[in-house]
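Novice: Just target.cif, nothing more (mmCIF, C-alpha atoms and all ligand atoms):
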```cif
data_run
loop_
_atom_site.label_atom_id
_atom_site.label_comp_id
_atom_site.auth_asym_id
_atom_site.auth_seq_id
_atom_site.Cartn_x
_atom_site.Cartn_y
_atom_site.Cartn_z
CA MET A 1 7.26 2.55 7.31
CA ALA A 2 5.07 5.18 5.79
CA VAL A 3 7.21 7.86 4.29
CA VAL A 4 4.84 10.24 2.64
CA SER A 5 6.50 12.64 0.35
CA SER A 6 3.68 13.59 -1.88
CA ALA A 7 0.25 12.66 -0.52
CA HIS A 8 -1.72 15.37 -2.20
CA SER A 9 0.53 18.30 -1.76
CA THR A 10 -1.24 21.52 -2.53
CA ILE A 11 -1.96 21.83 -6.25
CA PHE A 12 -2.19 25.56 -5.97
CA SER A 13 1.37 26.16 -5.02
CA LYS A 14 3.91 26.72 -7.78
CA THR A 15 6.38 24.49 -6.04
CA SER A 16 4.05 21.54 -6.01
CA LEU A 17 3.44 21.99 -9.71
CA PHE A 18 7.13 21.37 -10.10
CA HIS A 19 6.96 18.29 -7.86
CA HIS A 20 4.39 17.08 -10.28
CA ILE A 21 6.80 17.24 -13.18
CA ASN A 22 9.43 15.30 -11.27
CA GLY A 23 9.76 11.81 -12.54
CA PHE A 24 7.16 12.71 -15.18
CA LYS A 25 4.57 10.89 -13.14
CA ARG A 26 2.02 13.59 -12.69
CA PHE A 27 0.98 15.10 -15.93
CA SER A 28 -1.34 17.72 -14.56
CA PHE A 29 -0.16 19.90 -17.39
CA CYS A 30 -2.83 19.40 -19.92
CA LEU A 31 -4.20 22.67 -21.24
CA PRO A 32 -6.98 24.01 -19.05
CA PHE A 33 -10.31 23.24 -20.68
CA SER A 34 -8.49 21.68 -23.58
CA SER A 35 -11.09 20.58 -26.03
CA SER A 36 -9.29 17.30 -26.45
CA ALA A 37 -9.69 16.41 -22.79
CA VAL A 38 -13.37 17.23 -22.96
CA ALA A 39 -13.79 15.27 -26.16
CA SER A 40 -12.16 12.19 -24.77
CA LEU A 41 -14.28 12.36 -21.66
CA SER A 42 -17.46 12.73 -23.58
CA SER A 43 -16.74 9.74 -25.73
CA LYS A 44 -16.08 7.77 -22.62
CA LYS A 45 -19.64 8.01 -21.39
CA LYS A 46 -20.85 5.33 -23.75
CA TRP A 47 -19.29 2.66 -21.61
CA ARG A 48 -20.93 3.67 -18.41
CA GLN A 49 -23.02 1.06 -16.74
CA PRO A 50 -26.68 2.00 -16.33
CA VAL A 51 -26.94 3.59 -12.91
CA ALA A 52 -29.50 2.87 -10.28
CA SER A 53 -30.82 6.03 -8.82
CA SER A 54 -30.08 6.65 -5.17
CA MET A 55 -30.50 9.65 -2.92
CA LEU A 56 -27.96 11.24 -0.63
CA GLU A 57 -28.22 14.07 1.83
CA LEU A 58 -25.09 16.19 2.01
CA GLY A 59 -24.96 19.17 4.31
CA GLY A 60 -28.73 19.40 4.22
CA ILE A 61 -28.90 19.22 0.43
CA LYS A 62 -30.60 16.28 -1.24
CA ILE A 63 -28.65 14.87 -4.15
CA ALA A 64 -29.70 12.10 -6.49
CA LYS A 65 -27.15 10.05 -8.34
CA ASP A 66 -28.27 11.39 -11.70
CA ASP A 67 -27.68 14.94 -10.45
CA VAL A 68 -23.99 14.16 -10.16
CA VAL A 69 -23.30 11.39 -12.71
CA ARG A 70 -24.73 12.31 -16.07
CA ASP A 71 -24.18 11.21 -19.64
CA ASP A 72 -23.23 14.63 -20.88
CA PRO A 73 -19.96 16.04 -22.22
CA THR A 74 -19.79 18.64 -19.45
CA ASN A 75 -19.82 15.88 -16.81
CA ASN A 76 -16.81 13.73 -15.95
CA VAL A 77 -17.88 12.18 -12.63
CA PRO A 78 -17.69 8.38 -12.76
CA ASP A 79 -19.76 5.98 -10.66
CA THR A 80 -16.74 5.12 -8.53
CA ILE A 81 -16.57 8.73 -7.36
CA PHE A 82 -20.27 9.00 -6.72
CA SER A 83 -20.01 5.95 -4.49
CA LYS A 84 -17.66 7.89 -2.19
CA LEU A 85 -19.89 10.93 -1.82
CA GLY A 86 -21.42 11.08 1.59
CA LEU A 87 -19.10 8.56 3.25
CA GLN A 88 -17.51 11.40 5.23
CA LEU A 89 -14.65 9.43 6.78
CA HIS A 90 -13.61 12.57 8.66
CA ARG A 91 -16.81 12.40 10.71
CA ARG A 92 -16.06 8.95 12.13
CA ASN A 93 -14.52 9.30 15.55
CA ASN A 94 -12.91 5.85 15.36
CA HIS A 95 -11.32 6.42 11.98
CA PRO A 96 -7.77 7.80 11.72
CA LEU A 97 -9.07 10.81 9.77
CA GLY A 98 -11.73 11.53 12.38
CA ILE A 99 -9.23 11.04 15.19
CA LEU A 100 -6.85 13.49 13.51
CA LYS A 101 -9.62 16.02 12.88
CA ASN A 102 -10.58 15.83 16.55
CA GLY A 103 -6.92 16.16 17.56
CA ILE A 104 -6.68 19.41 15.59
CA TYR A 105 -9.96 20.63 17.08
CA GLU A 106 -8.53 19.90 20.50
CA TYR A 107 -5.55 22.16 19.78
CA PHE A 108 -7.78 25.05 18.71
CA ASP A 109 -10.24 24.51 21.58
CA THR A 110 -7.48 24.49 24.18
CA ASN A 111 -5.60 27.48 22.86
CA PHE A 112 -8.49 29.55 21.57
CA PRO A 113 -11.47 28.52 23.69
CA ASN A 114 -14.84 28.98 21.99
CA MET A 115 -13.26 30.93 19.19
CA PHE A 116 -13.36 28.74 16.10
CA HIS A 117 -16.61 27.64 14.55
CA LYS A 118 -16.31 24.13 13.12
CA PHE A 119 -17.95 22.93 9.93
CA ASP A 120 -17.58 19.36 8.73
CA ASP A 121 -20.77 18.77 6.83
CA LEU A 122 -20.75 21.33 4.03
CA CYS A 123 -21.90 19.95 0.69
CA PRO A 124 -18.96 18.97 -1.57
CA VAL A 125 -20.91 19.86 -4.70
CA VAL A 126 -20.07 23.54 -5.24
CA SER A 127 -20.12 26.09 -8.04
CA VAL A 128 -17.12 26.88 -10.21
CA LYS A 129 -17.39 30.35 -8.70
CA GLN A 130 -17.02 29.03 -5.13
CA ASN A 131 -14.25 26.59 -5.97
CA PHE A 132 -12.16 28.89 -8.16
CA ASP A 133 -13.36 32.46 -8.77
CA ASP A 134 -14.13 33.39 -5.16
CA VAL A 135 -10.60 32.40 -4.13
CA LEU A 136 -9.00 34.15 -7.12
CA VAL A 137 -7.77 31.06 -8.97
CA PRO A 138 -6.69 32.46 -12.37
CA ALA A 139 -8.89 31.69 -15.37
CA ASP A 140 -6.10 29.70 -17.02
CA HIS A 141 -4.97 27.77 -13.92
CA VAL A 142 -4.40 24.09 -14.58
CA SER A 143 -6.56 23.05 -11.63
CA ARG A 144 -9.64 24.27 -13.54
CA SER A 145 -9.15 21.76 -16.35
CA TYR A 146 -11.43 18.78 -16.91
CA ASN A 147 -8.30 16.72 -16.61
CA ASP A 148 -7.78 17.72 -12.98
CA THR A 149 -11.22 18.46 -11.57
CA TYR A 150 -14.52 16.56 -11.50
CA TYR A 151 -17.20 18.64 -13.22
CA VAL A 152 -20.86 17.96 -12.58
CA ASP A 153 -21.66 20.45 -15.35
CA SER A 154 -19.80 23.43 -16.77
CA GLN A 155 -20.66 25.59 -13.73
CA THR A 156 -20.58 22.97 -10.95
CA VAL A 157 -17.77 20.83 -9.57
CA LEU A 158 -16.96 18.46 -6.76
CA ARG A 159 -14.84 20.80 -4.64
CA CYS A 160 -11.14 20.22 -5.16
CA HIS A 161 -10.23 21.99 -1.94
CA THR A 162 -11.95 23.17 1.21
CA SER A 163 -10.93 26.74 0.33
CA ALA A 164 -14.12 26.65 -1.76
CA HIS A 165 -16.02 27.63 1.41
CA GLN A 166 -13.93 30.59 2.52
CA ALA A 167 -15.94 33.29 0.79
CA GLU A 168 -19.43 32.05 1.63
CA LEU A 169 -18.55 31.66 5.32
CA LEU A 170 -17.06 35.16 5.46
CA ARG A 171 -20.22 36.47 3.83
CA ARG A 172 -22.31 34.65 6.42
CA GLY A 173 -20.43 36.65 9.06
CA HIS A 174 -17.97 34.04 10.30
CA THR A 175 -14.55 35.33 11.32
CA HIS A 176 -12.96 32.26 12.94
CA PHE A 177 -13.64 28.90 11.37
CA LEU A 178 -12.38 25.44 10.53
CA VAL A 179 -13.88 23.56 7.59
CA THR A 180 -13.20 19.85 7.21
CA GLY A 181 -14.41 17.92 4.20
CA ASP A 182 -13.88 15.40 1.45
CA VAL A 183 -12.27 16.87 -1.67
CA TYR A 184 -12.02 15.43 -5.17
CA ARG A 185 -9.24 15.50 -7.74
CA ARG A 186 -8.54 13.53 -10.89
CA ASP A 187 -5.06 12.16 -10.46
CA SER A 188 -2.66 9.35 -11.15
CA ILE A 189 -2.45 6.23 -8.99
CA ASP A 190 0.07 5.40 -6.31
CA SER A 191 0.23 4.78 -2.58
CA THR A 192 -0.23 8.46 -1.70
CA HIS A 193 -2.80 9.58 -4.28
CA TYR A 194 -6.49 8.80 -4.29
CA PRO A 195 -9.15 10.78 -6.16
CA VAL A 196 -11.03 11.51 -2.94
CA PHE A 197 -9.21 12.77 0.11
CA HIS A 198 -9.83 15.09 3.03
CA GLN A 199 -8.72 18.59 3.91
CA MET A 200 -9.14 21.07 6.69
CA GLU A 201 -9.30 24.78 6.07
CA GLY A 202 -8.80 27.38 8.79
CA VAL A 203 -9.52 31.10 8.70
CA ARG A 204 -9.05 33.79 11.31
CA VAL A 205 -10.05 37.41 10.70
CA PHE A 206 -8.61 40.34 12.66
CA THR A 207 -10.01 43.84 13.06
CA PRO A 208 -7.98 47.08 13.51
CA ASP A 209 -8.13 46.95 17.32
CA ASN A 210 -6.21 43.65 17.13
CA TRP A 211 -3.19 44.97 15.25
CA GLU A 212 -3.23 48.63 16.30
CA ALA A 213 -1.97 47.89 19.79
CA SER A 214 0.83 45.70 18.43
CA GLY A 215 2.68 48.40 16.53
CA LEU A 216 2.84 46.05 13.53
CA ASP A 217 1.28 46.60 10.14
CA PRO A 218 -1.83 44.45 9.62
CA THR A 219 -0.17 41.95 7.26
CA SER A 220 2.82 41.36 9.53
CA TYR A 221 0.48 41.07 12.49
CA ALA A 222 -1.60 38.38 10.77
CA ALA A 223 1.51 36.57 9.49
CA GLU A 224 3.04 36.49 12.97
CA ASP A 225 -0.12 35.21 14.56
CA LEU A 226 -0.43 32.61 11.81
CA LYS A 227 3.08 31.29 12.29
CA LYS A 228 2.80 31.17 16.05
CA SER A 229 -0.56 29.39 15.93
CA LEU A 230 0.54 26.82 13.35
CA GLU A 231 3.85 26.05 14.99
CA GLY A 232 1.79 25.28 18.07
CA LEU A 233 -0.46 23.02 16.04
CA ALA A 234 2.51 21.14 14.55
CA ARG A 235 3.97 20.61 18.03
CA HIS A 236 0.59 19.43 19.30
CA LEU A 237 0.48 16.79 16.55
CA PHE A 238 4.13 15.81 16.15
CA GLY A 239 5.85 16.72 19.41
CA ALA A 240 9.07 18.72 19.65
CA VAL A 241 10.02 18.62 15.97
CA GLU A 242 12.27 20.96 14.00
CA MET A 243 10.25 23.24 11.72
CA ARG A 244 10.87 25.62 8.87
CA TRP A 245 8.78 28.09 6.87
CA ILE A 246 9.05 28.00 3.09
CA ASP A 247 7.84 30.85 0.91
CA ALA A 248 5.09 29.60 -1.34
CA TYR A 249 2.52 30.79 -3.81
CA PHE A 250 -1.24 30.40 -3.56
CA PRO A 251 -3.72 32.53 -5.49
CA PHE A 252 -5.72 33.28 -2.35
CA THR A 253 -2.96 34.40 0.01
CA ASN A 254 -0.13 36.90 0.00
CA PRO A 255 2.35 36.34 1.46
CA SER A 256 2.01 32.55 1.32
CA TYR A 257 3.96 29.89 3.18
CA GLU A 258 4.33 26.18 3.66
CA LEU A 259 5.20 24.78 7.04
CA GLU A 260 7.61 21.87 7.00
CA ILE A 261 8.70 19.65 9.84
CA TYR A 262 11.69 17.36 10.13
CA PHE A 263 10.12 14.00 10.73
CA GLN A 264 11.37 10.43 10.32
CA GLY A 265 14.57 11.65 8.73
CA LYS A 266 13.20 14.05 6.16
CA TRP A 267 11.53 17.41 5.68
CA MET A 268 7.81 17.04 5.21
CA GLU A 269 5.23 19.60 4.19
CA VAL A 270 2.52 19.88 6.83
CA LEU A 271 0.28 22.60 5.45
CA GLY A 272 -0.10 25.61 3.18
CA CYS A 273 -1.15 28.97 4.51
CA GLY A 274 -0.82 32.72 4.25
CA VAL A 275 -2.35 36.11 4.73
CA MET A 276 -5.66 36.20 2.88
CA GLU A 277 -5.76 38.35 -0.25
CA GLN A 278 -7.49 41.65 0.61
CA GLU A 279 -9.75 41.25 -2.40
CA ILE A 280 -11.38 38.17 -0.84
CA LEU A 281 -12.07 40.02 2.40
CA LYS A 282 -13.34 43.09 0.56
CA SER A 283 -15.69 41.16 -1.71
CA ASN A 284 -17.19 39.39 1.26
CA GLY A 285 -18.00 42.22 3.62
CA ARG A 286 -14.73 42.51 5.60
CA SER A 287 -13.05 45.59 4.09
CA ASN A 288 -11.46 46.80 7.25
CA SER A 289 -9.85 43.53 8.20
CA VAL A 290 -6.90 41.27 7.68
CA ALA A 291 -7.00 37.48 7.94
CA TRP A 292 -4.92 34.37 7.80
CA ALA A 293 -5.92 31.14 6.12
CA LEU A 294 -4.54 27.62 6.17
CA GLY A 295 -5.20 24.37 4.37
CA LEU A 296 -3.98 20.92 5.28
CA GLY A 297 -4.43 17.43 3.88
CA LEU A 298 -5.61 14.99 6.51
CA GLU A 299 -4.44 11.79 4.75
CA ARG A 300 -0.94 13.13 4.32
CA LEU A 301 -0.62 13.79 8.04
CA ALA A 302 -2.51 10.69 9.16
CA MET A 303 -0.26 8.44 7.04
CA VAL A 304 2.81 9.54 8.97
CA LEU A 305 1.15 9.89 12.38
CA PHE A 306 -0.45 6.44 12.27
CA ASP A 307 2.13 4.71 10.00
CA ILE A 308 -0.46 3.95 7.35
CA PRO A 309 1.49 2.82 4.28
CA ASP A 310 -1.14 3.10 1.56
CA ILE A 311 -3.84 5.74 1.09
CA ARG A 312 -6.38 3.10 -0.01
CA LEU A 313 -6.40 1.73 3.53
CA PHE A 314 -8.43 4.73 4.74
CA TRP A 315 -11.35 3.31 2.74
CA SER A 316 -10.96 -0.24 4.01
CA THR A 317 -13.84 -1.77 5.88
CA ASP A 318 -11.70 -4.77 6.86
CA GLU A 319 -11.93 -5.23 10.61
CA ARG A 320 -8.22 -5.88 10.79
CA PHE A 321 -7.81 -2.23 9.79
CA THR A 322 -10.78 -0.55 11.43
CA SER A 323 -10.36 -2.29 14.80
CA GLN A 324 -6.88 -0.81 15.27
CA PHE A 325 -8.16 2.73 15.80
CA SER A 326 -10.31 4.22 18.48
CA GLU A 327 -11.63 7.59 19.48
CA GLY A 328 -9.07 9.94 20.98
CA GLN A 329 -6.11 7.63 20.27
CA MET A 330 -3.88 9.93 18.25
CA GLY A 331 -0.88 8.40 16.56
CA VAL A 332 -1.45 4.72 17.41
CA LYS A 333 0.84 2.87 15.00
CA PHE A 334 -0.91 0.73 12.43
CA LYS A 335 0.25 -2.88 12.34
CA PRO A 336 -0.02 -4.28 8.81
CA PHE A 337 -2.02 -7.48 9.09
CA SER A 338 -0.30 -9.07 6.16
CA LYS A 339 1.42 -8.07 3.00
CA TYR A 340 -0.10 -9.76 0.00
CA PRO A 341 2.05 -10.05 -3.11
CA PRO A 342 1.66 -7.51 -5.91
CA CYS A 343 1.18 -8.60 -9.48
CA TYR A 344 2.55 -6.44 -12.29
CA LYS A 345 1.11 -6.13 -15.76
CA ASP A 346 2.59 -3.95 -18.48
CA MET A 347 0.76 -2.44 -21.41
CA SER A 348 2.12 -0.38 -24.29
CA PHE A 349 0.23 1.77 -26.73
CA TRP A 350 0.60 4.62 -29.17
CA ILE A 351 -0.92 7.68 -27.55
CA ASN A 352 -2.90 10.41 -29.30
CA ASP A 353 -2.99 14.16 -28.65
CA SER A 354 -5.79 13.97 -26.13
CA PHE A 355 -4.18 11.24 -24.03
CA THR A 356 -3.59 12.08 -20.36
CA GLU A 357 -2.42 9.91 -17.52
CA ASN A 358 -5.35 11.02 -15.37
CA ASN A 359 -7.80 9.73 -17.98
CA LEU A 360 -5.90 6.45 -18.12
CA CYS A 361 -6.02 6.11 -14.34
CA GLU A 362 -9.73 6.85 -14.27
CA VAL A 363 -10.37 3.98 -16.69
CA ILE A 364 -8.20 1.61 -14.66
CA ARG A 365 -9.84 2.56 -11.37
CA GLY A 366 -13.24 2.13 -12.98
CA ILE A 367 -12.38 -1.52 -13.60
CA ALA A 368 -10.01 -2.54 -10.81
CA GLY A 369 -11.11 -0.10 -8.09
CA ASP A 370 -8.92 -0.31 -5.01
CA LEU A 371 -7.16 -3.44 -6.31
CA VAL A 372 -4.86 -1.20 -8.30
CA GLU A 373 -1.96 0.01 -6.23
CA GLU A 374 0.12 1.94 -8.72
CA VAL A 375 0.23 2.91 -12.35
CA SER A 376 3.63 4.05 -13.55
CA LEU A 377 5.05 5.10 -16.86
CA ILE A 378 8.06 2.85 -17.43
CA ASP A 379 8.86 3.62 -21.05
CA ASN A 380 8.20 6.54 -23.35
CA PHE A 381 9.56 7.11 -26.86
CA THR A 382 8.67 8.84 -30.11
CA ASN A 383 9.44 7.11 -33.41
CA LYS A 384 10.65 8.65 -36.66
CA LYS A 385 7.07 9.16 -37.82
CA GLY A 386 6.40 11.24 -34.72
CA MET A 387 4.21 8.62 -33.03
CA THR A 388 4.65 8.42 -29.26
CA SER A 389 4.47 5.18 -27.37
CA HIS A 390 3.92 4.81 -23.64
CA CYS A 391 4.40 1.70 -21.61
CA TYR A 392 2.62 1.63 -18.25
CA ARG A 393 3.17 -0.86 -15.48
CA ILE A 394 0.08 -1.57 -13.43
CA ALA A 395 0.62 -3.01 -9.96
CA TYR A 396 -2.38 -4.96 -8.70
CA ARG A 397 -2.46 -5.72 -5.01
CA SER A 398 -5.22 -6.15 -2.52
CA MET A 399 -4.57 -5.07 1.01
CA GLU A 400 -7.01 -7.62 2.29
CA ARG A 401 -6.42 -10.89 0.45
CA SER A 402 -4.38 -12.72 -2.19
CA LEU A 403 -5.55 -12.19 -5.73
CA THR A 404 -5.73 -15.12 -8.10
CA ASP A 405 -3.99 -15.12 -11.49
CA GLU A 406 -7.33 -15.62 -13.11
CA GLU A 407 -8.83 -12.57 -11.44
CA ILE A 408 -5.90 -10.35 -12.39
CA ASN A 409 -5.82 -11.60 -15.96
CA ASP A 410 -9.49 -10.85 -16.25
CA LEU A 411 -9.01 -7.31 -14.91
CA GLN A 412 -6.08 -6.70 -17.21
CA TRP A 413 -8.02 -7.96 -20.19
CA GLN A 414 -10.83 -5.49 -19.41
CA VAL A 415 -8.31 -2.70 -18.87
CA ARG A 416 -6.74 -3.33 -22.28
CA GLU A 417 -10.08 -3.34 -23.99
CA GLN A 418 -11.43 -0.21 -22.32
CA VAL A 419 -8.20 1.77 -22.58
CA GLN A 420 -8.22 1.08 -26.29
CA ASN A 421 -11.88 1.94 -26.76
CA LYS A 422 -12.32 4.86 -24.40
CA LEU A 423 -9.02 6.60 -24.92
CA ASN A 424 -8.70 5.81 -28.62
CA VAL A 425 -5.11 4.66 -28.28
CA VAL A 426 -3.55 1.87 -30.32
CA LEU A 427 -2.30 -1.06 -28.30
CA ARG A 428 1.07 -2.44 -29.31
N1 LIG B 1 -6.40 25.09 -1.05
C1 LIG B 1 -5.01 24.72 -1.06
C2 LIG B 1 -4.88 23.39 -1.79
O1 LIG B 1 -5.68 22.58 -1.79
C3 LIG B 1 -4.47 24.63 0.36
C4 LIG B 1 -4.35 25.96 1.02
C5 LIG B 1 -3.16 26.65 0.96
C6 LIG B 1 -5.43 26.53 1.69
C7 LIG B 1 -3.03 27.90 1.54
C8 LIG B 1 -5.32 27.79 2.29
C9 LIG B 1 -4.10 28.46 2.21
O2 LIG B 1 -6.31 28.37 2.95
O3 LIG B 1 -4.00 29.67 2.80
O4 LIG B 1 -3.92 23.11 -2.42
#
```
Output the structure of this file as structure tokens.
Ligand code: DAH

Specialist:
Amino acid sequence: MAVVSSAHSTIFSKTSLFHHINGFKRFSFCLPFSSSAVASLSSKKKWRQPVASSMLELGGIKIAKDDVVRDDPTNNVPDTIFSKLGLQLHRRNNHPLGILKNGIYEYFDTNFPNMFHKFDDLCPVVSVKQNFDDVLVPADHVSRSYNDTYYVDSQTVLRCHTSAHQAELLRRGHTHFLVTGDVYRRDSIDSTHYPVFHQMEGVRVFTPDNWEASGLDPTSYAAEDLKKSLEGLARHLFGAVEMRWIDAYFPFTNPSYELEIYFQGKWMEVLGCGVMEQEILKSNGRSNSVAWALGLGLERLAMVLFDIPDIRLFWSTDERFTSQFSEGQMGVKFKPFSKYPPCYKDMSFWINDSFTENNLCEVIRGIAGDLVEEVSLIDNFTNKKGMTSHCYRIAYRSMERSLTDEEINDLQWQVREQVQNKLNVVLR
């Protein structure tokens, strides 16, 4: 059964930063813009395969492969990520992510007819200003580091959250909107983390006539409306579940909350939200207003609603997966077609100062793609000379077929070679 505890919880909340430390699996704690991370990424370019040029159209913007994947120290977008740009799983009505998106639309359309404008085709290549500055992400926030975010160049990123569109849409005059899109984050590898996933952002702006009649101050008015609306959404998706509100922190909202539901025997985070920081409204032409905002991860919810046990399955083109879902069928339970055996390979090496787990995982994904199921640190020690050794266990498993020993040995051989060369670590 799919029990999703961590599928891309919000990186912007303080609490989730602590989740990341747990079990020392997610080392998102490299220094923002640390020169070492940049240096190791730049040296990595040498191994890139020559790339054929291809053209994409994203939200009306034409993008060539060499616009996004470039041999340049300010760029850390690998080919594997470029190949996902433009797939827009959330726009497929027969795909669990599309079905979930439409299910959420249905809730808003029924309860707030003709109120919310929906965007699901905004270009994922955005400026650093849109992705971070416009939503008040502090200059030293870890999410800005090259270790956590895909940079196209020093001023351009692949959006790491759909909040990147809040400010521009407010400026364009929108006051009620939902933005769905693919988002990109460098991360470690396990069944709930994938470097591309999907989010939905919601914003609702109120004007003085809305709160004046209520007798509430504007912030309390927005917070009450937010809670009522999102409890309704959670019930629409999950039925009559128990819910609780947790105080949270996000740079763009104050107060901020996370909504949790009690589902399949445990408390699960459904979304992050809050009352939009006044500064965002003010800077974007809405001085006399108050607003709420929400952000939710579609994979995280779809994994529990459809019983999808591994996040890689969303990308599967295997008919045995795709044929199980159809338009409008929310929450149909996925029946695993077969469980192929995993194969584990361990590798140990002496790390250097610039080593990060995200860089390691990027190298491994570059070679094994979706055949790698999990990379976990199983041993970690520092010797008397101060040298630190890590041992990682790589689980290889296809969701579609049995892998041969030969194939896995070949992958592991390439992994060892590239990890050594690209990350400048010393294999033991
Ligand atoms: N952007 C946040 C993330 O990706 C999610 C989020 C939280 C969006 C709170 C919001 C919000 O609009 O109010 O981690």

Novice: Find, counting only C-alpha atoms and all ligand atoms, the residue in A:Asn114, A:Thr253, A:Ser354, A:Thr74 that gets nearest to ligand LIG 1 (chain B).

Specialist: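 Selected residue with least distance to ligand LIG 1 (chain B): A:Thr253.
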
Novice: Quick one: of A:Gly328, A:Gly239, A:Gly386, A:Gly202, who's nearest to Phe116 of chain A, counting only C-alpha atoms?

Specialist: A:Gly202

Novice: Residues within 8 Å of ligand LIG 1 (chain B) (only C-alpha atoms and all ligand atoms), as a ChimeraX atom specification?

Specialist: /A:9-13,160-164,166,199,201-203,250,252-253,256-258,271-276,292-297

Novice: With distances taken over all atoms listed in the file, which of A:Trp315, A:Arg185, A:Leu169, A:Tyr150 is nearest to Leu87 of chain A?

Specialist: A:Trp315

Novice: Would you mind reading off the distance between atom CA of Ser376 of chain A and atom CA of Arg397 of chain A, one decimal, in Å?

Specialist: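 These atoms are spaced 14.3 Å apart.
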
Novice: Do you know which residues are at most 6 Å from segment 135-144 of chain A counting all atoms listed in the file, after dropping those on the same chain fewer than 3 positions away, and could you put them as a list in words?

Specialist: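 Surrounding residues, per the criterion: Pro32, Phe132, Asp148, Pro251 and Phe252 of chain A.
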
Novice: Report, in Å with one decimal, the straight-line distance from atom CA of Lys118 of chain A to atom CA of Thr80 of chain A.

Specialist: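 Between atom CA of Lys118 of chain A and atom CA of Thr80 of chain A the gap works out to 28.8 Å.
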
Novice: Could you work out an axis-aligned box for segment 274-287 of chain A, taking every atom the file lists and adding 3 Å on each side, and report centre and edge lengths in Å to one decimal, as AutoDock Vina command-line options?

Specialist:
```
--center_x -9.4 --center_y 39.2 --center_z 1.6 --size_x 23.2 --size_y 18.9 --size_z 14.0
```

Novice: Mind listing whatever residues come within 12 Å of the point (6.1, 18.5, 4.4)? Use only C-alpha atoms, file coordinates, and give them as a ChimeraX atom specification.

Specialist: /A:3-10,16,234,242-246,257-272,296-297,300-301,304

Novice: Determine the nearest neighbour of Ser323 of chain A from the options A:Pro73, A:Pro96, A:Gly60, A:Gly285, counting all atoms listed in the file.

Specialist: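 Closest to Ser323 of chain A, using all atoms listed in the file: A:Pro96.
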
Novice: Could you please give me, as a ChimeraX atom specification, the residues of protein, DNA or RNA lying at most 10 Å from (-15.2, 33.8, 7.0) in the coordinate frame of the file, considering all atoms listed in the file?

Specialist: /A:117,165-178,202-205,280-281,284-286,291,293

Novice: Emit the selected residues as a CSV table (one decimal), in the frame of the given file, including C-alpha atoms.

Specialist:
```csv
chain,number,residue,atom,x,y,z
A,117,HIS,CA,-16.6,27.6,14.6
A,165,HIS,CA,-16.0,27.6,1.4
A,166,GLN,CA,-13.9,30.6,2.5
A,167,ALA,CA,-15.9,33.3,0.8
A,168,GLU,CA,-19.4,32.0,1.6
A,169,LEU,CA,-18.6,31.7,5.3
A,170,LEU,CA,-17.1,35.2,5.5
A,171,ARG,CA,-20.2,36.5,3.8
A,172,ARG,CA,-22.3,34.6,6.4
A,173,GLY,CA,-20.4,36.6,9.1
A,174,HIS,CA,-18.0,34.0,10.3
A,175,THR,CA,-14.6,35.3,11.3
A,176,HIS,CA,-13.0,32.3,12.9
A,177,PHE,CA,-13.6,28.9,11.4
A,178,LEU,CA,-12.4,25.4,10.5
A,202,GLY,CA,-8.8,27.4,8.8
A,203,VAL,CA,-9.5,31.1,8.7
A,204,ARG,CA,-9.0,33.8,11.3
A,205,VAL,CA,-10.0,37.4,10.7
A,280,ILE,CA,-11.4,38.2,-0.8
A,281,LEU,CA,-12.1,40.0,2.4
A,284,ASN,CA,-17.2,39.4,1.3
A,285,GLY,CA,-18.0,42.2,3.6
A,286,ARG,CA,-14.7,42.5,5.6
A,291,ALA,CA,-7.0,37.5,7.9
A,293,ALA,CA,-5.9,31.1,6.1
```

Novice: Given only C-alpha atoms as the basis, pick out the residue of A:Trp211, A:Phe112, A:Tyr184, A:Phe325 nearest to Leu100 of chain A.

Specialist: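 Counting only C-alpha atoms, the residue closest to Leu100 of chain A is A:Phe325.
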
Novice: I'd like the interatomic distance between atom CA of Asn147 of chain A and atom CA of Asp134 of chain A, to a tenth of an Å.

Specialist: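 Computing the Euclidean distance for atom CA of Asn147 of chain A and atom CA of Asp134 of chain A yields 21.0 Å.
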
Novice: Under the rule that only C-alpha atoms are counted, which of A:Asn111, A:Ile61, A:Ile99, A:Phe349 is the nearest residue to Lys228 of chain A?

Specialist: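 Smallest separation from Lys228 of chain A among the options: A:Asn111.
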